[in-house]
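Structure below is final08.tsv: TSV, C-alpha atoms.
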```
chain	number	residue	atom	x	y	z
A	293	MET	CA	-36.67	19.69	6.82
A	294	ASP	CA	-33.88	20.32	4.30
A	295	ARG	CA	-30.99	18.57	5.98
A	296	LYS	CA	-27.65	19.24	4.32
A	297	ILE	CA	-25.05	16.49	4.05
A	298	THR	CA	-21.60	17.59	5.11
A	299	TYR	CA	-18.12	16.12	4.95
A	300	LYS	CA	-15.10	17.51	6.69
A	301	LEU	CA	-11.49	18.04	5.82
A	302	VAL	CA	-8.98	19.12	8.42
A	303	PHE	CA	-5.82	21.10	7.73
A	304	ILE	CA	-3.42	20.70	10.57
A	305	GLY	CA	0.01	22.13	11.12
A	306	ALA	CA	2.29	24.43	13.03
A	307	PRO	CA	1.61	28.17	13.18
A	308	GLY	CA	2.50	29.73	9.86
A	309	SER	CA	2.32	26.50	7.89
A	310	GLY	CA	-0.47	27.82	5.65
A	311	LYS	CA	-3.70	26.40	7.05
A	312	SER	CA	-5.60	29.66	6.66
A	313	THR	CA	-4.20	30.15	3.16
A	314	CYS	CA	-5.29	26.66	2.07
A	315	ILE	CA	-8.82	27.19	3.27
A	316	GLY	CA	-8.97	30.69	1.83
A	317	ALA	CA	-7.87	29.38	-1.57
A	318	VAL	CA	-10.92	27.16	-2.00
A	319	SER	CA	-13.62	28.33	0.39
A	320	ASP	CA	-16.89	29.65	-1.06
A	321	ILE	CA	-17.42	31.81	1.99
A	322	PRO	CA	-15.09	34.28	3.66
A	323	VAL	CA	-12.88	32.26	5.98
A	324	VAL	CA	-14.05	32.37	9.57
A	325	SER	CA	-10.89	32.82	11.50
A	326	THR	CA	-9.81	33.19	15.08
A	327	ASP	CA	-6.65	35.08	14.36
A	328	VAL	CA	-5.18	37.37	16.96
A	329	ALA	CA	-2.09	39.52	16.95
A	330	CYS	CA	1.09	37.62	17.75
A	331	THR	CA	2.64	38.57	21.04
A	332	ASP	CA	5.32	35.91	21.30
A	333	GLY	CA	8.20	34.75	19.11
A	334	LEU	CA	5.80	34.27	16.21
A	335	ALA	CA	5.54	38.05	15.86
A	336	SER	CA	8.76	37.95	13.89
A	337	ILE	CA	7.20	35.51	11.41
A	338	LYS	CA	3.72	36.93	10.93
A	339	GLU	CA	1.40	39.55	12.33
A	340	THR	CA	-1.44	37.27	13.37
A	341	THR	CA	-1.88	33.60	14.25
A	342	THR	CA	-4.81	31.25	14.66
A	343	VAL	CA	-5.60	30.59	18.31
A	344	ALA	CA	-8.57	28.28	17.79
A	345	LEU	CA	-9.57	27.23	14.31
A	346	ASP	CA	-10.17	28.47	10.81
A	347	TYR	CA	-13.33	27.53	9.02
A	348	GLY	CA	-14.41	27.58	5.40
A	349	GLU	CA	-16.88	25.74	3.19
A	350	MET	CA	-17.19	24.39	-0.31
A	351	SER	CA	-20.63	23.80	-1.72
A	352	LEU	CA	-20.67	20.53	-3.66
A	353	GLY	CA	-24.17	21.00	-5.05
A	354	ASP	CA	-27.25	18.92	-4.29
A	355	GLY	CA	-27.18	20.14	-0.72
A	356	GLU	CA	-23.77	18.63	-0.01
A	357	ARG	CA	-21.01	20.69	1.54
A	358	LEU	CA	-17.36	20.12	2.32
A	359	LEU	CA	-16.44	21.81	5.59
A	360	LEU	CA	-12.83	22.90	5.88
A	361	TYR	CA	-11.19	23.28	9.26
A	362	GLY	CA	-7.74	24.55	10.11
A	363	LEU	CA	-6.51	23.23	13.43
A	364	PRO	CA	-3.32	24.09	15.29
A	365	GLY	CA	-0.96	21.14	15.61
A	366	GLN	CA	-0.08	21.71	19.23
A	367	SER	CA	-1.15	19.13	21.77
A	368	ARG	CA	-3.10	21.63	23.85
A	369	PHE	CA	-5.64	21.90	21.04
A	370	THR	CA	-6.38	18.16	20.81
A	371	PHE	CA	-9.96	18.63	21.97
A	372	MET	CA	-10.73	20.53	18.77
A	373	PHE	CA	-10.03	17.45	16.68
A	374	ASP	CA	-12.77	15.63	18.59
A	375	THR	CA	-15.26	18.29	17.65
A	376	VAL	CA	-14.67	17.78	13.91
A	377	ALA	CA	-14.03	14.03	13.87
A	378	GLU	CA	-17.48	12.99	12.69
A	379	ASN	CA	-17.80	12.55	8.89
A	380	LEU	CA	-14.12	13.37	8.50
A	381	ALA	CA	-13.00	12.73	4.91
A	382	GLY	CA	-9.33	13.26	5.59
A	383	VAL	CA	-6.48	15.22	7.09
A	384	VAL	CA	-3.94	17.44	5.39
A	385	MET	CA	-0.75	17.91	7.39
A	386	LEU	CA	1.03	21.09	6.41
A	387	ILE	CA	4.76	21.54	6.81
A	388	ASP	CA	6.29	25.00	6.58
A	389	ALA	CA	9.48	24.59	4.55
A	390	SER	CA	10.49	28.19	5.24
A	391	SER	CA	10.56	27.61	8.98
A	392	ALA	CA	13.92	27.29	10.70
A	393	ALA	CA	12.86	23.86	11.99
A	394	PRO	CA	10.14	22.57	9.67
A	395	LEU	CA	10.06	19.10	11.17
A	396	GLU	CA	9.45	20.26	14.73
A	397	GLY	CA	5.87	21.24	14.01
A	398	LEU	CA	5.27	17.95	12.18
A	399	GLU	CA	6.75	16.00	15.08
A	400	GLU	CA	4.46	17.70	17.56
A	401	THR	CA	1.46	17.15	15.31
A	402	LEU	CA	2.31	13.47	14.97
A	403	ARG	CA	3.04	13.01	18.66
A	404	THR	CA	-0.42	14.41	19.28
A	405	TYR	CA	-2.43	12.99	16.42
A	406	ALA	CA	-0.57	10.06	14.79
A	407	GLY	CA	-3.10	7.52	16.06
A	408	ARG	CA	-6.04	9.45	14.67
A	409	ILE	CA	-4.33	10.38	11.44
A	410	GLY	CA	-3.50	6.71	10.92
A	411	GLU	CA	-7.22	5.98	10.92
A	412	THR	CA	-7.93	8.63	8.30
A	413	PRO	CA	-6.90	9.32	4.70
A	414	PHE	CA	-4.13	11.89	4.86
A	415	VAL	CA	-1.69	13.89	2.78
A	416	ALA	CA	1.50	15.56	4.00
A	417	ALA	CA	1.94	18.81	2.10
A	418	ILE	CA	5.18	20.79	2.23
A	419	ASN	CA	4.36	24.44	1.75
A	420	LYS	CA	6.40	27.65	1.31
A	421	VAL	CA	9.18	25.92	-0.55
A	422	GLN	CA	12.23	27.75	-1.84
A	423	GLY	CA	14.83	25.81	-3.79
A	424	ASN	CA	15.44	22.10	-3.66
A	425	VAL	CA	13.16	20.29	-1.27
A	426	ASP	CA	14.18	16.66	-1.88
A	427	ALA	CA	15.99	16.31	1.44
A	428	LEU	CA	13.08	17.78	3.39
A	429	ARG	CA	10.61	15.57	1.57
A	430	GLU	CA	12.65	12.50	2.52
A	431	GLN	CA	12.84	13.70	6.13
A	432	VAL	CA	9.06	14.16	6.21
A	433	ALA	CA	8.54	10.67	4.79
A	434	GLU	CA	10.96	9.25	7.36
A	435	THR	CA	9.15	11.08	10.17
A	436	LEU	CA	5.85	9.61	8.99
A	437	ARG	CA	7.37	6.11	8.84
A	438	ARG	CA	8.64	6.48	12.41
A	439	HIS	CA	5.09	7.15	13.48
A	440	GLY	CA	3.81	4.16	11.50
A	441	LEU	CA	2.17	6.23	8.76
A	442	VAL	CA	2.33	5.64	5.01
A	443	GLY	CA	0.91	8.27	2.70
A	444	PRO	CA	1.70	10.78	-0.01
A	445	VAL	CA	4.19	13.56	0.69
A	446	ILE	CA	3.82	16.38	-1.81
A	447	VAL	CA	5.21	19.86	-2.36
A	448	VAL	CA	2.60	22.58	-2.77
A	449	ASP	CA	2.05	26.27	-3.00
A	450	ALA	CA	-1.08	26.61	-0.89
A	451	ARG	CA	-2.08	29.76	-2.78
A	452	ARG	CA	-2.51	27.83	-6.03
A	453	ARG	CA	-5.82	26.12	-6.76
A	454	GLU	CA	-4.06	23.47	-8.88
A	455	ASP	CA	-2.04	22.44	-5.86
A	456	MET	CA	-5.13	22.42	-3.69
A	457	ALA	CA	-6.83	20.26	-6.32
A	458	LEU	CA	-3.96	17.76	-6.05
A	459	ILE	CA	-4.34	17.67	-2.26
A	460	PHE	CA	-8.07	17.01	-2.54
A	461	ASP	CA	-7.49	14.46	-5.29
A	462	LEU	CA	-5.14	12.46	-3.08
A	463	VAL	CA	-7.29	12.66	0.04
A	464	PHE	CA	-10.36	11.39	-1.79
A	465	LEU	CA	-8.30	8.79	-3.64
A	466	CYS	CA	-7.12	7.37	-0.30
A	467	ALA	CA	-10.65	7.60	1.09
A	468	GLU	CA	-12.02	5.72	-1.92
A	469	TYR	CA	-9.50	2.90	-2.20
A	470	SER	CA	-8.21	2.41	1.37
A	471	ASP	CA	-10.25	1.03	4.22
A	472	VAL	CA	-9.46	4.20	6.16
B	14	MET	CA	10.11	-36.00	-24.57
B	15	SER	CA	9.99	-32.53	-23.14
B	16	GLU	CA	11.62	-31.55	-19.90
B	17	LEU	CA	9.78	-31.56	-16.61
B	18	SER	CA	10.39	-28.95	-13.99
B	19	VAL	CA	10.44	-28.72	-10.24
B	20	THR	CA	9.75	-25.39	-8.56
B	21	CYS	CA	11.09	-24.61	-5.11
B	22	LEU	CA	9.22	-22.02	-3.07
B	23	LEU	CA	10.62	-20.13	-0.09
B	24	PHE	CA	14.13	-21.56	-0.50
B	25	ASP	CA	17.27	-19.46	-0.61
B	26	GLU	CA	19.83	-19.50	-3.42
B	27	ASP	CA	22.16	-21.98	-1.69
B	28	GLN	CA	19.38	-24.52	-1.31
B	29	LEU	CA	18.44	-24.16	-4.96
B	30	LYS	CA	22.08	-24.68	-5.92
B	31	ALA	CA	22.16	-27.83	-3.80
B	32	LEU	CA	19.16	-29.21	-5.68
B	33	LEU	CA	20.75	-28.31	-9.00
B	34	SER	CA	23.83	-30.25	-8.01
B	35	ILE	CA	21.76	-33.33	-7.12
B	36	LEU	CA	19.94	-33.51	-10.46
B	37	PRO	CA	22.93	-34.71	-12.56
B	38	LEU	CA	23.65	-37.41	-9.98
B	39	ILE	CA	20.19	-38.97	-10.23
B	40	ARG	CA	19.68	-38.30	-13.93
B	41	LYS	CA	20.32	-41.88	-15.03
B	42	TYR	CA	17.52	-43.15	-12.77
B	43	LEU	CA	14.93	-40.86	-14.34
B	44	ASP	CA	13.04	-41.27	-17.60
B	45	ARG	CA	12.91	-37.58	-18.41
B	46	GLU	CA	15.04	-34.48	-18.14
B	47	TRP	CA	14.30	-32.29	-15.12
B	48	GLN	CA	15.12	-28.70	-14.49
B	49	VAL	CA	14.83	-26.52	-11.43
B	50	ASP	CA	12.44	-23.74	-12.30
B	51	THR	CA	13.35	-20.21	-11.41
B	52	ASP	CA	11.07	-18.49	-13.88
B	53	PRO	CA	7.99	-17.28	-12.01
B	54	SER	CA	5.86	-17.26	-15.14
B	55	SER	CA	6.54	-20.85	-16.16
B	56	VAL	CA	4.61	-24.01	-15.40
B	57	SER	CA	5.90	-26.60	-12.95
B	58	ASP	CA	5.28	-30.33	-12.64
B	59	VAL	CA	6.36	-30.63	-9.02
B	60	VAL	CA	6.45	-27.94	-6.35
B	61	VAL	CA	8.55	-28.18	-3.19
B	62	VAL	CA	7.75	-25.80	-0.34
B	63	ASN	CA	10.10	-24.94	2.53
B	64	LEU	CA	8.02	-25.59	5.63
B	65	ASP	CA	10.63	-24.03	7.91
B	66	ASP	CA	9.50	-20.67	6.56
B	67	SER	CA	6.46	-19.48	8.50
B	68	ALA	CA	4.58	-19.00	5.24
B	69	GLY	CA	5.36	-22.53	4.06
B	70	GLY	CA	2.50	-24.38	5.77
B	71	PRO	CA	-0.31	-22.19	4.44
B	72	LEU	CA	1.30	-22.05	1.02
B	73	LEU	CA	1.60	-25.84	0.79
B	74	GLU	CA	-1.98	-26.23	1.93
B	75	ALA	CA	-3.14	-23.80	-0.73
B	76	LEU	CA	-1.18	-25.56	-3.46
B	77	VAL	CA	-2.39	-29.02	-2.52
B	78	GLY	CA	-5.91	-27.64	-2.35
B	79	LYS	CA	-5.52	-26.58	-5.97
B	80	GLY	CA	-4.52	-30.08	-7.01
B	81	VAL	CA	-0.86	-29.22	-7.56
B	82	HIS	CA	1.69	-31.96	-6.97
B	83	ALA	CA	3.33	-30.19	-4.04
B	84	VAL	CA	5.30	-31.53	-1.09
B	85	GLY	CA	6.82	-29.95	1.97
B	86	CYS	CA	10.47	-29.92	2.93
B	87	ALA	CA	11.68	-29.29	6.47
B	88	ARG	CA	14.65	-29.62	8.76
B	89	HIS	CA	12.55	-31.95	10.96
B	90	PRO	CA	10.21	-33.75	8.53
B	91	ARG	CA	8.80	-36.01	11.21
B	92	LEU	CA	7.10	-33.00	12.72
B	93	HIS	CA	5.12	-32.64	9.51
B	94	VAL	CA	2.84	-34.83	7.42
B	95	ALA	CA	4.13	-38.08	5.92
B	96	GLY	CA	5.99	-37.51	2.68
B	97	THR	CA	7.72	-34.34	3.86
B	98	LEU	CA	11.29	-34.19	2.54
B	99	HIS	CA	14.41	-33.48	4.55
B	100	ARG	CA	16.03	-30.08	4.29
B	101	PRO	CA	18.84	-29.88	3.14
B	102	PHE	CA	17.78	-32.05	0.22
B	103	ARG	CA	18.73	-35.72	0.18
B	104	GLY	CA	19.39	-37.33	-3.18
B	105	TYR	CA	17.25	-40.43	-2.69
B	106	GLU	CA	14.26	-38.35	-1.58
B	107	VAL	CA	14.56	-36.02	-4.55
B	108	LEU	CA	14.79	-39.06	-6.84
B	109	ALA	CA	11.61	-40.55	-5.35
B	110	LEU	CA	9.84	-37.23	-5.68
B	111	LEU	CA	10.78	-36.76	-9.33
B	112	GLN	CA	9.93	-40.36	-10.22
B	113	GLU	CA	6.53	-39.77	-8.67
B	114	GLY	CA	6.39	-36.52	-10.66
B	115	GLU	CA	7.05	-38.43	-13.85
B	116	ARG	CA	4.27	-40.86	-13.03
B	117	ARG	CA	1.92	-38.01	-12.42
B	118	ALA	CA	3.15	-35.92	-15.32
B	119	PHE	CA	0.19	-33.86	-16.25
B	120	ASP	CA	-1.80	-34.47	-19.34
B	121	ARG	CA	-0.86	-31.82	-21.89
B	122	SER	CA	-4.49	-30.83	-22.26
B	123	ARG	CA	-4.86	-30.20	-18.54
B	124	SER	CA	-4.45	-26.66	-17.51
B	125	ARG	CA	-1.73	-26.14	-14.97
B	126	PRO	CA	-1.34	-22.92	-13.08
B	127	SER	CA	1.96	-21.07	-13.35
B	128	ARG	CA	3.99	-20.35	-10.27
B	129	ARG	CA	3.04	-16.69	-10.62
B	130	ASP	CA	-0.65	-17.63	-10.79
B	131	LEU	CA	-0.32	-19.80	-7.71
B	132	GLU	CA	1.55	-17.22	-5.74
B	133	SER	CA	-0.63	-14.32	-6.84
B	134	GLU	CA	-3.47	-15.70	-4.76
B	135	VAL	CA	-1.47	-16.11	-1.59
B	136	ARG	CA	1.00	-13.21	-1.79
B	137	ARG	CA	-0.20	-10.07	-0.07
B	138	PHE	CA	1.22	-6.62	-0.68
B	139	ALA	CA	1.35	-3.70	1.73
B	140	LEU	CA	2.79	-0.31	0.90
B	141	ALA	CA	5.88	0.39	3.00
B	142	GLU	CA	6.52	3.80	1.53
B	143	TRP	CA	4.57	6.08	-0.79
B	144	PRO	CA	7.02	6.63	-3.69
B	145	ALA	CA	8.25	10.21	-3.96
B	146	GLU	CA	8.01	10.15	-7.76
B	147	PHE	CA	4.41	8.90	-7.88
B	148	ARG	CA	3.24	11.95	-9.82
B	149	GLU	CA	5.21	10.73	-12.83
B	150	TRP	CA	3.35	7.41	-12.75
B	151	PRO	CA	0.04	6.62	-14.48
B	152	LYS	CA	-2.85	7.90	-12.39
B	153	GLU	CA	-4.35	4.41	-12.35
B	154	TRP	CA	-1.36	3.32	-10.29
B	155	TRP	CA	-2.20	5.92	-7.64
B	156	ARG	CA	-5.24	3.78	-6.90
B	157	VAL	CA	-2.98	0.81	-6.24
B	158	LEU	CA	-0.91	2.90	-3.82
B	159	ALA	CA	-4.04	4.03	-2.01
B	160	ALA	CA	-5.45	0.50	-1.85
B	161	ILE	CA	-2.41	-1.00	-0.13
B	162	ARG	CA	-1.60	2.05	1.98
B	163	THR	CA	-3.39	0.58	4.97
B	164	ASN	CA	-4.29	-2.91	3.72
B	165	CYS	CA	-2.36	-6.05	2.88
B	166	LEU	CA	-4.01	-7.32	-0.31
B	167	SER	CA	-3.31	-9.83	-3.07
B	168	ALA	CA	-2.93	-8.69	-6.66
B	169	VAL	CA	-6.37	-10.09	-7.44
B	170	GLN	CA	-7.93	-8.18	-4.56
B	171	ILE	CA	-6.15	-4.97	-5.56
B	172	ALA	CA	-7.37	-5.37	-9.13
B	173	GLN	CA	-10.94	-5.83	-7.94
B	174	ARG	CA	-10.81	-2.93	-5.53
B	175	CYS	CA	-9.19	-0.55	-8.01
B	176	ASP	CA	-11.19	-1.72	-11.00
B	177	LEU	CA	-7.97	-2.34	-12.94
B	178	PRO	CA	-6.70	-5.28	-15.01
B	179	GLU	CA	-4.53	-7.61	-12.92
B	180	ALA	CA	-1.65	-7.13	-15.38
B	181	GLU	CA	-1.74	-3.39	-14.70
B	182	VAL	CA	-1.66	-4.03	-10.96
B	183	MET	CA	1.25	-6.46	-11.34
B	184	ALA	CA	3.18	-3.91	-13.40
B	185	CYS	CA	2.79	-1.39	-10.60
B	186	LEU	CA	3.66	-3.96	-7.91
B	187	ASP	CA	6.79	-5.00	-9.84
B	188	ILE	CA	8.03	-1.40	-9.82
B	189	LEU	CA	7.19	-1.02	-6.14
B	190	GLN	CA	9.07	-4.24	-5.36
B	191	GLU	CA	12.09	-3.03	-7.34
B	192	ARG	CA	12.09	0.12	-5.23
B	193	LYS	CA	11.53	-1.83	-2.01
B	194	ALA	CA	8.49	0.35	-1.40
B	195	VAL	CA	6.20	-2.60	-0.75
B	196	SER	CA	6.33	-5.45	1.72
B	197	VAL	CA	5.16	-8.91	0.71
B	198	ARG	CA	3.82	-11.70	2.86
B	199	VAL	CA	2.29	-15.05	2.05
B	200	ASP	CA	-1.10	-15.73	3.52
B	201	ILE	CA	-3.97	-17.93	2.47
B	202	GLU	CA	-6.42	-16.12	4.70
B	203	ILE	CA	-9.28	-14.92	2.57
B	204	LEU	CA	-9.55	-11.21	3.07
B	205	ASP	CA	-12.85	-9.66	2.34
B	206	SER	CA	-12.03	-6.67	0.18
B	207	THR	CA	-15.51	-5.30	0.76
B	208	LYS	CA	-15.20	-5.20	4.54
B	209	GLY	CA	-15.15	-2.09	6.67
B	210	GLY	CA	-18.36	-0.59	5.34
B	211	ARG	CA	-16.66	0.49	2.14
B	212	ARG	CA	-18.84	2.43	-0.21
B	213	PRO	CA	-17.29	1.94	-3.64
B	214	GLY	CA	-17.52	5.07	-5.72
B	215	PHE	CA	-18.68	7.27	-2.86
B	216	TRP	CA	-15.52	9.27	-2.23
B	217	ARG	CA	-14.60	9.12	-5.92
B	218	ARG	CA	-17.83	10.97	-6.66
B	219	ILE	CA	-17.16	13.61	-4.01
B	220	GLY	CA	-13.54	13.94	-5.15
B	221	ALA	CA	-14.59	14.35	-8.80
B	222	ARG	CA	-17.02	17.07	-7.82
B	223	VAL	CA	-14.39	18.93	-5.80
B	224	SER	CA	-11.93	18.62	-8.68
B	225	ASP	CA	-14.49	20.06	-11.07
B	226	LEU	CA	-15.06	22.98	-8.75
B	227	LEU	CA	-11.36	23.67	-8.42
B	228	GLY	CA	-10.61	23.17	-12.09
B	229	ARG	CA	-9.09	19.93	-13.24
B	230	LEU	CA	-5.41	19.23	-12.83
```
Show me, as structure tokens, the structure contained in the file I just sent.
Amino acid sequence: MDRKITYKLVFIGAPGSGKSTCIGAVSDIPVVSTDVACTDGLASIKETTTVALDYGEMSLGDGERLLLYGLPGQSRFTFMFDTVAENLAGVVMLIDASSAAPLEGLEETLRTYAGRIGETPFVAAINKVQGNVDALREQVAETLRRHGLVGPVIVVDARRREDMALIFDLVFLCAEYSDV
Amino acid sequence: MSELSVTCLLFDEDQLKALLSILPLIRKYLDREWQVDTDPSSVSDVVVVNLDDSAGGPLLEALVGKGVHAVGCARHPRLHVAGTLHRPFRGYEVLALLQEGERRAFDRSRSRPSRRDLESEVRRFALAEWPAEFREWPKEWWRVLAAIRTNCLSAVQIAQRCDLPEAEVMACLDILQERKAVSVRVDIEILDSTKGGRRPGFWRRIGARVSDLLGRL
């Protein structure tokens, strides 16, 4: 039987942080999404939001595939992390710089997942940046430190493949040279 | 005759000043000039280790194990092995130590490790903060950051893990120390840098393939 080898990368973040965009930027297949129309306060931010997960794939050749998952950061979706934990290469935490309270989503994600993220290579990526982001980057780094996490904090435009390449580069770098 | 030197490890500035003030007082009882060594890259004839620092015991043990003329120094020397000096320093003990150092003065042909060499094997580095400006640094240094992100490793271990020259690793660690982005502890525990089911090259291969697919940076 031709058994394909798969690795997984999880994008996690608050609604609107750019998970679907990240996956769409690199996926070989049309992104499988569970978007529905927003009916709450999010409706003012965007028309749809992900209620379960996004899914995309990258074929690495030789039967290997990188599976890309977008998970909501809220604690009520913790069970989804369990379903993708096996063969997990790393986690990308997305922070929406355009949000009125960009750190709130990160805080909730870390309250929910800090333990698991600490056991995995990770990158914190600040997306949707306008203007100077130095202060926010420092706040993100400080938030990570408070949760006992040390890792790269970068500024990205999730629509750009170069920025996605940097994210992947850092995740695999940490996977290669760290013990976790 | 050339000067001899005594290196003090894990002492604060005031204690070093105290030793410096003792040296002129005992000079006439010594055959050779002595200096207190503060240059980490130089070679020392006698090493004194502060045993009241929690890292002192293991460090002294490691030094003695390497054949270095090293002695401990502690507030309560009787709680330690015979020959441990009092802290603060006492003139007559320093004199005895340096006279013994003169007797044991190493043969010029014998290779003596520098303080940096000695410490490089017992000093462990852990990343306290991933530097914000890392993208401006050489990409080889990113490996160092990744290696000590979740591990506390010596420079030698980092060099092995990252497949980099130790000098390159030290250059990166020096910058990290300047920026207080790395924490340092002294430990003689031998850490197995291959533990944890690491598969060297595995993720690098996957990462390289992904980068190729996305177009190189």
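Using only C-alpha atoms, the smallest distance between any of B:Met183, B:Ala95, B:Val61, B:Leu43 and B:Leu111 comes from B:Leu43.
Taking atom CA of A:Glu434 and atom CA of A:Asp461 as endpoints, the distance between them is 23.0 Å.
Each of B:Glu179, B:Asp66, B:Glu149, B:Glu142 was compared to B:Ile161 using all atoms listed in the file, and B:Glu142 turns out to be the nearest.
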At a cut-off of 10 Å, can you tabulate as CSV every residue of chain B near chain A together with its closest atom pair and the distance in Å to one decimal, using all atoms listed in the file and ordering rows by chain then number?
```
residue,atom,partner,partner_atom,distance
B:Ala139,CA,A:Val442,CA,9.9
B:Leu140,CA,A:Val442,CA,7.2
B:Ala141,CA,A:Val442,CA,6.6
B:Glu142,CA,A:Val442,CA,5.7
B:Trp143,CA,A:Gly443,CA,5.5
B:Pro144,CA,A:Pro444,CA,7.7
B:Ala145,CA,A:Val445,CA,7.0
B:Glu146,CA,A:Ile446,CA,9.6
B:Phe147,CA,A:Pro444,CA,8.5
B:Arg148,CA,A:Ile446,CA,9.2
B:Trp155,CA,A:Leu465,CA,7.8
B:Arg156,CA,A:Tyr469,CA,6.4
B:Val157,CA,A:Tyr469,CA,7.9
B:Leu158,CA,A:Cys466,CA,8.4
B:Ala159,CA,A:Cys466,CA,4.9
B:Ala160,CA,A:Ser470,CA,4.7
B:Ile161,CA,A:Ser470,CA,6.9
B:Arg162,CA,A:Val442,CA,6.1
B:Thr163,CA,A:Ser470,CA,6.3
B:Asn164,CA,A:Ser470,CA,7.0
B:Ile171,CA,A:Tyr469,CA,9.2
B:Arg174,CA,A:Tyr469,CA,6.8
B:Cys175,CA,A:Tyr469,CA,6.8
B:Ser206,CA,A:Asp471,CA,8.9
B:Thr207,CA,A:Asp471,CA,8.9
B:Lys208,CA,A:Asp471,CA,8.0
B:Gly209,CA,A:Asp471,CA,6.3
B:Gly210,CA,A:Asp471,CA,8.3
B:Arg211,CA,A:Asp471,CA,6.8
B:Arg212,CA,A:Glu468,CA,7.8
B:Pro213,CA,A:Glu468,CA,6.7
B:Gly214,CA,A:Glu468,CA,6.7
B:Phe215,CA,A:Glu468,CA,6.9
B:Trp216,CA,A:Glu468,CA,5.0
B:Arg217,CA,A:Glu468,CA,5.8
B:Arg218,CA,A:Phe464,CA,8.9
B:Ile219,CA,A:Phe464,CA,7.5
B:Gly220,CA,A:Phe464,CA,5.3
B:Ala221,CA,A:Asp461,CA,7.9
B:Arg222,CA,A:Leu352,CA,6.5
B:Val223,CA,A:Leu352,CA,6.8
B:Ser224,CA,A:Ala457,CA,5.9
B:Asp225,CA,A:Ala457,CA,9.0
B:Leu226,CA,A:Leu352,CA,8.0
B:Leu227,CA,A:Ala457,CA,6.0
B:Gly228,CA,A:Glu454,CA,7.3
B:Arg229,CA,A:Ala457,CA,7.3
B:Leu230,CA,A:Glu454,CA,6.0
```
Go ahead and dump the residues you just picked, C-alpha atoms, as a compact mmCIF listing (two decimals), in the frame of the given file.
```
# COMPACT_ATOMS: atom_id res chain seq x y z
CA ALA B 139 1.35 -3.70 1.73
CA LEU B 140 2.79 -0.31 0.90
CA ALA B 141 5.88 0.39 3.00
CA GLU B 142 6.52 3.80 1.53
CA TRP B 143 4.57 6.08 -0.79
CA PRO B 144 7.02 6.63 -3.69
CA ALA B 145 8.25 10.21 -3.96
CA GLU B 146 8.01 10.15 -7.76
CA PHE B 147 4.41 8.90 -7.88
CA ARG B 148 3.24 11.95 -9.82
CA TRP B 155 -2.20 5.92 -7.64
CA ARG B 156 -5.24 3.78 -6.90
CA VAL B 157 -2.98 0.81 -6.24
CA LEU B 158 -0.91 2.90 -3.82
CA ALA B 159 -4.04 4.03 -2.01
CA ALA B 160 -5.45 0.50 -1.85
CA ILE B 161 -2.41 -1.00 -0.13
CA ARG B 162 -1.60 2.05 1.98
CA THR B 163 -3.39 0.58 4.97
CA ASN B 164 -4.29 -2.91 3.72
CA ILE B 171 -6.15 -4.97 -5.56
CA ARG B 174 -10.81 -2.93 -5.53
CA CYS B 175 -9.19 -0.55 -8.01
CA SER B 206 -12.03 -6.67 0.18
CA THR B 207 -15.51 -5.30 0.76
CA LYS B 208 -15.20 -5.20 4.54
CA GLY B 209 -15.15 -2.09 6.67
CA GLY B 210 -18.36 -0.59 5.34
CA ARG B 211 -16.66 0.49 2.14
CA ARG B 212 -18.84 2.43 -0.21
CA PRO B 213 -17.29 1.94 -3.64
CA GLY B 214 -17.52 5.07 -5.72
CA PHE B 215 -18.68 7.27 -2.86
CA TRP B 216 -15.52 9.27 -2.23
CA ARG B 217 -14.60 9.12 -5.92
CA ARG B 218 -17.83 10.97 -6.66
CA ILE B 219 -17.16 13.61 -4.01
CA GLY B 220 -13.54 13.94 -5.15
CA ALA B 221 -14.59 14.35 -8.80
CA ARG B 222 -17.02 17.07 -7.82
CA VAL B 223 -14.39 18.93 -5.80
CA SER B 224 -11.93 18.62 -8.68
CA ASP B 225 -14.49 20.06 -11.07
CA LEU B 226 -15.06 22.98 -8.75
CA LEU B 227 -11.36 23.67 -8.42
CA GLY B 228 -10.61 23.17 -12.09
CA ARG B 229 -9.09 19.93 -13.24
CA LEU B 230 -5.41 19.23 -12.83
```
Worksheet item: What's the 9 Å shell around stretch 394-408 of chain A, counting only C-alpha atoms, without same-chain residues fewer than 3 positions away, as a ChimeraX atom specification?
Response: /A:304-307,309,364-368,370,373,385-391,411-412,428,431-432,435-436,439-441
Worksheet item: At what distance in Å, to one decimal, does atom CA of A:Val324 lie from atom CA of A:Leu380?
Response: 19.0 Å
Practice prompt. Show which residues sit within 8 Å of B:Gly114, as a PyMOL selection string. Count all atoms listed in the file, and ignore same-chain residues fewer than 6 positions away.
Written response: chain B and resi 58-59+82
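Atom to atom, atom CA of A:Val323 and atom CA of A:Phe303 stand 13.3 Å apart.
The closest residue to A:Tyr347, picked from A:Val421, A:Ile297, A:Leu360, A:Ala450 and counting all atoms listed in the file, is A:Leu360.
Among the candidates A:Ile315, A:Val425, A:Leu345, A:Ala393, the one nearest to A:Phe369 when counting all atoms listed in the file is A:Leu345.
By chain and then residue number, the residues within 12 Å of stretch 30-42 of chain B are Ser18, Val19, Thr20, Cys21, Phe24, Asp25, Trp47, Gln48, Val49, Asp50, Thr51, Val61, Arg100, Pro101, Phe102, Arg103, Gly104, Tyr105, Glu106, Val107, Leu108, Ala109, Leu110, Leu111, Gln112 and Glu115 of chain B, counting all atoms listed in the file and disregarding those fewer than 5 positions away in sequence.
Within 9 Å of the point (9.8, -13.4, 1.8), and counting all atoms listed in the file, the protein, DNA and RNA residues are B:Leu23, B:Asp66, B:Ala68, B:Ser196, B:Val197, B:Arg198, B:Val199.
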